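Undergrad: Structure supplied as structure_11.cif; contents: mmCIF, C-alpha atoms.
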data_my_file
loop_
_atom_site.group_PDB
_atom_site.id
_atom_site.type_symbol
_atom_site.label_atom_id
_atom_site.label_comp_id
_atom_site.auth_asym_id
_atom_site.auth_seq_id
_atom_site.Cartn_x
_atom_site.Cartn_y
_atom_site.Cartn_z
ATOM 1 C CA MET A 1 35.363 12.608 -75.602
ATOM 2 C CA GLY A 2 34.433 15.113 -72.896
ATOM 3 C CA ARG A 3 34.243 14.444 -69.218
ATOM 4 C CA LYS A 4 30.794 13.610 -67.836
ATOM 5 C CA SER A 5 29.399 16.315 -65.588
ATOM 6 C CA THR A 6 28.557 15.300 -62.055
ATOM 7 C CA VAL A 7 26.669 16.926 -59.237
ATOM 8 C CA GLN A 8 30.009 17.897 -57.765
ATOM 9 C CA ASP A 9 30.906 19.635 -61.033
ATOM 10 C CA ALA A 10 27.677 21.659 -60.946
ATOM 11 C CA ASP A 11 28.270 22.590 -57.305
ATOM 12 C CA LEU A 12 31.873 23.495 -58.073
ATOM 13 C CA LEU A 13 30.825 25.745 -60.969
ATOM 14 C CA GLN A 14 28.180 27.400 -58.782
ATOM 15 C CA ARG A 15 30.788 28.183 -56.134
ATOM 16 C CA ILE A 16 33.104 29.605 -58.792
ATOM 17 C CA CYS A 17 30.182 31.585 -60.212
ATOM 18 C CA ASP A 18 29.450 33.042 -56.775
ATOM 19 C CA ALA A 19 33.107 34.046 -56.408
ATOM 20 C CA PHE A 20 33.061 35.819 -59.781
ATOM 21 C CA ARG A 21 29.769 37.513 -58.897
ATOM 22 C CA ALA A 22 31.268 38.748 -55.634
ATOM 23 C CA ALA A 23 34.641 39.938 -56.946
ATOM 24 C CA GLY A 24 34.395 40.185 -60.724
ATOM 25 C CA TYR A 25 36.707 38.413 -63.129
ATOM 26 C CA GLU A 26 39.744 40.554 -62.389
ATOM 27 C CA GLY A 27 39.152 40.531 -58.628
ATOM 28 C CA ALA A 28 38.646 36.781 -58.320
ATOM 29 C CA THR A 29 42.181 35.562 -57.716
ATOM 30 C CA LEU A 30 43.114 31.897 -57.630
ATOM 31 C CA ALA A 31 43.333 32.233 -53.853
ATOM 32 C CA THR A 32 39.770 33.593 -53.805
ATOM 33 C CA LEU A 33 38.549 30.808 -56.090
ATOM 34 C CA SER A 34 40.377 28.196 -53.996
ATOM 35 C CA LEU A 35 38.732 29.483 -50.827
ATOM 36 C CA ALA A 36 35.293 29.601 -52.489
ATOM 37 C CA THR A 37 35.539 26.034 -53.767
ATOM 38 C CA GLY A 38 37.407 24.442 -50.901
ATOM 39 C CA LEU A 39 39.962 23.102 -53.386
ATOM 40 C CA GLN A 40 43.680 23.711 -53.394
ATOM 41 C CA LYS A 41 45.059 25.720 -56.314
ATOM 42 C CA ALA A 42 46.659 22.563 -57.740
ATOM 43 C CA SER A 43 43.287 20.794 -57.676
ATOM 44 C CA LEU A 44 41.676 23.745 -59.446
ATOM 45 C CA TYR A 45 44.341 23.609 -62.143
ATOM 46 C CA HIS A 46 43.844 19.860 -62.466
ATOM 47 C CA ARG A 47 40.101 20.349 -62.999
ATOM 48 C CA PHE A 48 40.550 23.528 -65.091
ATOM 49 C CA PRO A 49 43.865 23.255 -66.982
ATOM 50 C CA GLY A 50 43.042 26.536 -68.717
ATOM 51 C CA GLY A 51 43.073 28.296 -65.351
ATOM 52 C CA LYS A 52 40.811 31.148 -64.382
ATOM 53 C CA GLU A 53 39.846 31.859 -68.000
ATOM 54 C CA GLN A 54 38.524 28.314 -68.419
ATOM 55 C CA MET A 55 36.638 28.585 -65.122
ATOM 56 C CA ALA A 56 35.030 31.806 -66.300
ATOM 57 C CA ALA A 57 34.150 30.326 -69.684
ATOM 58 C CA GLU A 58 32.479 27.320 -68.053
ATOM 59 C CA VAL A 59 30.571 29.562 -65.644
ATOM 60 C CA LEU A 60 29.384 31.693 -68.570
ATOM 61 C CA ASN A 61 28.264 28.543 -70.402
ATOM 62 C CA MET A 62 26.355 27.430 -67.296
ATOM 63 C CA THR A 63 24.760 30.867 -67.061
ATOM 64 C CA GLY A 64 23.854 30.752 -70.743
ATOM 65 C CA GLU A 65 22.181 27.377 -70.256
ATOM 66 C CA TRP A 66 20.185 28.779 -67.329
ATOM 67 C CA LEU A 67 19.195 31.856 -69.332
ATOM 68 C CA GLY A 68 18.061 29.700 -72.235
ATOM 69 C CA LYS A 69 16.047 27.313 -70.108
ATOM 70 C CA GLU A 70 14.628 29.733 -67.543
ATOM 71 C CA VAL A 71 14.187 32.947 -69.529
ATOM 72 C CA LEU A 72 14.440 32.605 -73.301
ATOM 73 C CA GLN A 73 12.402 29.422 -73.785
ATOM 74 C CA PRO A 74 9.582 30.561 -71.452
ATOM 75 C CA LEU A 75 9.437 33.948 -73.221
ATOM 76 C CA GLN A 76 8.741 32.054 -76.433
ATOM 77 C CA GLY A 77 6.420 29.529 -74.802
ATOM 78 C CA SER A 78 2.700 29.486 -74.190
ATOM 79 C CA GLY A 79 0.594 31.857 -72.160
ATOM 80 C CA THR A 80 -0.152 35.505 -72.551
ATOM 81 C CA PRO A 81 2.750 37.896 -73.147
ATOM 82 C CA ARG A 82 2.110 39.454 -69.720
ATOM 83 C CA ALA A 83 2.202 36.043 -68.035
ATOM 84 C CA ARG A 84 5.464 35.190 -69.793
ATOM 85 C CA LEU A 85 6.979 38.543 -68.738
ATOM 86 C CA GLU A 86 5.792 38.011 -65.171
ATOM 87 C CA GLY A 87 7.401 34.560 -65.238
ATOM 88 C CA MET A 88 10.663 36.136 -66.387
ATOM 89 C CA VAL A 89 10.405 38.671 -63.556
ATOM 90 C CA ALA A 90 9.976 35.886 -60.990
ATOM 91 C CA ARG A 91 12.968 33.941 -62.336
ATOM 92 C CA LEU A 92 15.159 37.073 -62.432
ATOM 93 C CA ASP A 93 14.178 37.888 -58.869
ATOM 94 C CA GLN A 94 15.289 34.410 -57.847
ATOM 95 C CA PHE A 95 18.491 34.457 -59.954
ATOM 96 C CA TYR A 96 19.604 37.821 -58.569
ATOM 97 C CA GLU A 97 18.382 36.923 -55.064
ATOM 98 C CA GLY A 98 16.084 39.908 -54.908
ATOM 99 C CA GLY A 99 18.838 42.250 -56.046
ATOM 100 C CA ARG A 100 21.534 41.052 -53.649
ATOM 101 C CA LYS A 101 23.628 39.424 -56.389
ATOM 102 C CA ALA A 102 25.365 41.277 -59.190
ATOM 103 C CA CYS A 103 25.036 40.435 -62.859
ATOM 104 C CA LEU A 104 27.663 37.910 -63.886
ATOM 105 C CA LEU A 105 27.626 39.050 -67.526
ATOM 106 C CA ASN A 106 28.492 42.570 -66.423
ATOM 107 C CA LEU A 107 31.212 41.484 -64.022
ATOM 108 C CA MET A 108 32.860 39.229 -66.577
ATOM 109 C CA SER A 109 33.303 42.126 -68.958
ATOM 110 C CA LEU A 110 34.674 44.653 -66.450
ATOM 111 C CA GLY A 111 38.372 45.309 -66.823
ATOM 112 C CA GLN A 112 38.492 43.396 -70.087
ATOM 113 C CA PRO A 113 39.590 45.090 -73.292
ATOM 114 C CA CYS A 114 37.277 45.136 -76.293
ATOM 115 C CA GLY A 115 37.712 41.791 -77.942
ATOM 116 C CA GLY A 116 38.282 40.141 -74.565
ATOM 117 C CA PRO A 117 37.917 36.393 -74.138
ATOM 118 C CA PHE A 118 34.263 36.546 -73.106
ATOM 119 C CA ASP A 119 32.932 39.190 -75.494
ATOM 120 C CA ALA A 120 31.467 36.756 -78.017
ATOM 121 C CA THR A 121 29.616 34.753 -75.367
ATOM 122 C CA ILE A 122 28.278 37.834 -73.588
ATOM 123 C CA HIS A 123 27.236 39.394 -76.905
ATOM 124 C CA SER A 124 25.453 36.207 -77.926
ATOM 125 C CA LEU A 125 23.549 35.953 -74.633
ATOM 126 C CA MET A 126 22.524 39.607 -74.592
ATOM 127 C CA THR A 127 21.462 39.504 -78.245
ATOM 128 C CA ALA A 128 19.389 36.352 -77.703
ATOM 129 C CA TRP A 129 17.660 37.992 -74.718
ATOM 130 C CA VAL A 130 16.880 41.203 -76.615
ATOM 131 C CA ASP A 131 15.624 39.162 -79.566
ATOM 132 C CA ALA A 132 13.325 37.042 -77.374
ATOM 133 C CA LEU A 133 11.872 40.107 -75.660
ATOM 134 C CA SER A 134 11.455 41.870 -79.012
ATOM 135 C CA ARG A 135 9.571 38.920 -80.503
ATOM 136 C CA LEU A 136 7.256 38.790 -77.498
ATOM 137 C CA LEU A 137 6.458 42.497 -77.841
ATOM 138 C CA ILE A 138 5.942 42.247 -81.600
ATOM 139 C CA GLU A 139 3.465 39.470 -80.872
ATOM 140 C CA THR A 140 1.384 42.034 -78.930
ATOM 141 C CA GLY A 141 1.274 44.374 -81.933
ATOM 142 C CA ILE A 142 4.158 46.666 -80.990
ATOM 143 C CA GLU A 143 6.169 47.862 -84.000
ATOM 144 C CA PRO A 144 9.521 46.054 -84.408
ATOM 145 C CA ASP A 145 11.740 49.120 -83.861
ATOM 146 C CA LEU A 146 9.834 50.127 -80.713
ATOM 147 C CA ALA A 147 9.862 46.514 -79.502
ATOM 148 C CA ARG A 148 13.639 46.284 -79.904
ATOM 149 C CA GLY A 149 14.120 49.626 -78.158
ATOM 150 C CA ARG A 150 12.004 48.505 -75.212
ATOM 151 C CA ALA A 151 13.835 45.173 -75.050
ATOM 152 C CA GLU A 152 17.231 46.891 -74.990
ATOM 153 C CA GLN A 153 15.988 49.402 -72.413
ATOM 154 C CA ALA A 154 14.810 46.526 -70.216
ATOM 155 C CA LEU A 155 18.336 45.078 -70.098
ATOM 156 C CA ILE A 156 19.850 48.518 -69.526
ATOM 157 C CA SER A 157 17.430 49.101 -66.645
ATOM 158 C CA LEU A 158 18.104 45.632 -65.232
ATOM 159 C CA GLN A 159 21.833 46.349 -65.109
ATOM 160 C CA GLY A 160 21.309 49.825 -63.732
ATOM 161 C CA SER A 161 18.917 48.669 -61.032
ATOM 162 C CA LEU A 162 21.415 46.060 -59.845
ATOM 163 C CA ILE A 163 24.228 48.616 -59.705
ATOM 164 C CA VAL A 164 22.091 51.213 -57.917
ATOM 165 C CA SER A 165 20.816 48.595 -55.458
ATOM 166 C CA ARG A 166 24.353 47.570 -54.572
ATOM 167 C CA GLY A 167 25.545 51.156 -54.379
ATOM 168 C CA MET A 168 22.693 52.248 -52.122
ATOM 169 C CA GLY A 169 22.761 49.118 -50.001
ATOM 170 C CA THR A 170 19.086 48.382 -50.644
ATOM 171 C CA GLN A 171 17.270 46.032 -52.966
ATOM 172 C CA ARG A 172 14.464 48.540 -53.532
ATOM 173 C CA PRO A 173 15.689 49.846 -56.939
ATOM 174 C CA PHE A 174 15.902 46.301 -58.288
ATOM 175 C CA GLN A 175 12.546 45.339 -56.802
ATOM 176 C CA ASP A 176 10.923 48.499 -58.229
ATOM 177 C CA PHE A 177 12.389 47.707 -61.648
ATOM 178 C CA LEU A 178 10.985 44.173 -61.570
ATOM 179 C CA ALA A 179 7.569 45.302 -60.323
ATOM 180 C CA ASN A 180 7.222 47.796 -63.196
ATOM 181 C CA LEU A 181 8.853 45.756 -65.958
ATOM 182 C CA PRO A 182 5.755 44.094 -67.499
ATOM 183 C CA ASP A 183 3.835 47.385 -67.653
ATOM 184 C CA THR A 184 6.860 49.263 -69.005
ATOM 185 C CA MET A 185 7.511 46.666 -71.682
ATOM 186 C CA LEU A 186 3.882 46.384 -72.739
ATOM 187 C CA GLY A 187 3.243 50.133 -72.525
ATOM 188 C CA THR A 188 0.374 49.825 -70.065
ATOM 189 C CA PRO A 189 -0.284 51.917 -66.948
#
Kindly return the structure encoded in the file as structure tokens.
TA:
Amino acid sequence: MGRKSTVQDADLLQRICDAFRAAGYEGATLATLSLATGLQKASLYHRFPGGKEQMAAEVLNMTGEWLGKEVLQPLQGSGTPRARLEGMVARLDQFYEGGRKACLLNLMSLGQPCGGPFDATIHSLMTAWVDALSRLLIETGIEPDLARGRAEQALISLQGSLIVSRGMGTQRPFQDFLANLPDTMLGTP
């Protein structure tokens, strides 16, 4: 029987998530994670016997739950397709703090070989996101192949805008991406 999650567990995972988002999986040492959480290394190992890999897996699961609840379900919910896309834009803006935070899915795959420990989870999350966006676009009458292409391009542009924003030291590329996303996806001016 698994351990019951507590508020402290959620806060702990958020702190670990922030450390991974700041340094990436490879860059987040146990010392970094200890400092971020306020726990000694021994306490981290007690809570996460699988070490850093277990911490990362739990953070990815938490992120997947957020993505499902805040992005995927609303994309499939009620309201016009534009309203659902605009809702996604608002939640992404909040999740990435206006472009100040990097994408956890990207950072967890950096430095990892193909077939790394997180590939299946990242693949599953990305595929679910592309599928949800594709279905929304098909609902508007866009052909399935074009819908899938636009959905994939949206995720490519999301990643690119976050990287360019960090590299240029401005959130403008990310904000521009978000502002144009509904029109780009729906093919409207």
Undergrad: Edge lengths and centre, in Å to one decimal, as lines of an AutoDock Vina configuration file: that's what I need for the box along x, y and z that holds all listed atoms of stretch 83-97 of chain A plus 4 Å on each side.
TA:
center_x = 10.9
center_y = 36.3
center_z = -62.4
size_x = 25.4
size_y = 12.7
size_z = 22.7
Undergrad: Once the PyMOL selection byres ((chain A and resi 118) around 12) has been evaluated on this model, what residues remain selected, and can you format them as a VMD selection string?
TA: chain A and resid 25 53 to 61 104 to 117 119 to 125
Undergrad: Kindly indicate which residue among A:Lys52, A:Arg91, A:Lys69, A:Arg15 lies nearest to A:Ala36, using all atoms listed in the file for the distances.
TA: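 Smallest distance to A:Ala36 is found for A:Arg15.
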Undergrad: For the atom pair atom CA of A:Glu65 and atom CA of A:Leu146, what is the interatomic distance in Å to one decimal place?
TA: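 So the answer is 27.9 Å.
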Undergrad: Work out how far apart atom CA of A:Glu70 and atom CA of A:Met88 are and give it in Å to one decimal.
TA: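 Separating atom CA of A:Glu70 from atom CA of A:Met88 is a distance of 7.6 Å.
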Undergrad: For A:Asp18, which residue among A:Leu155, A:Leu136, A:Leu162, A:Ala102 is the nearest when counting all atoms listed in the file?
TA: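 Between A:Leu155, A:Leu136, A:Leu162, A:Ala102, the residue approaching A:Asp18 most closely is A:Ala102.
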Undergrad: What do you get, as a PyMOL selection string, if you spell out every residue that the PyMOL selection byres ((chain A and resi 82) around 10) selects here?
TA: chain A and resi 75+79-81+83-88+136-137+140+181-183+185-186
Undergrad: Atom CA of A:Ser78 and atom CA of A:Pro173, how far apart in Å?
TA: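 According to the coordinates, atom CA of A:Pro173 and atom CA of A:Ser78 are separated by 29.7 Å.
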Undergrad: I need the output of the PyMOL selection byres ((chain A and resi 148) around 12) for this file as a PyMOL selection string; which residues are they?
TA: chain A and resi 127-138+142-147+149-155+185
Undergrad: Under the rule that all atoms listed in the file are counted, which of A:Leu30, A:Leu39, A:Leu72, A:Ile163 is the nearest residue to A:Gly99?
TA: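 Result for the nearest residue to A:Gly99: A:Ile163.
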Undergrad: Pick out the closest residue to A:Phe20 from this set: A:Met62, A:Leu92, A:Val71, A:Cys103. Count all atoms listed in the file.
TA: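 Residue with the minimum atom-to-atom distance to A:Phe20: A:Cys103.
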Undergrad: So, counting all atoms listed in the file, which residue among A:Met126, A:Pro74, A:Ser34, A:Ser165 is closest to A:Val89?
TA: A:Pro74
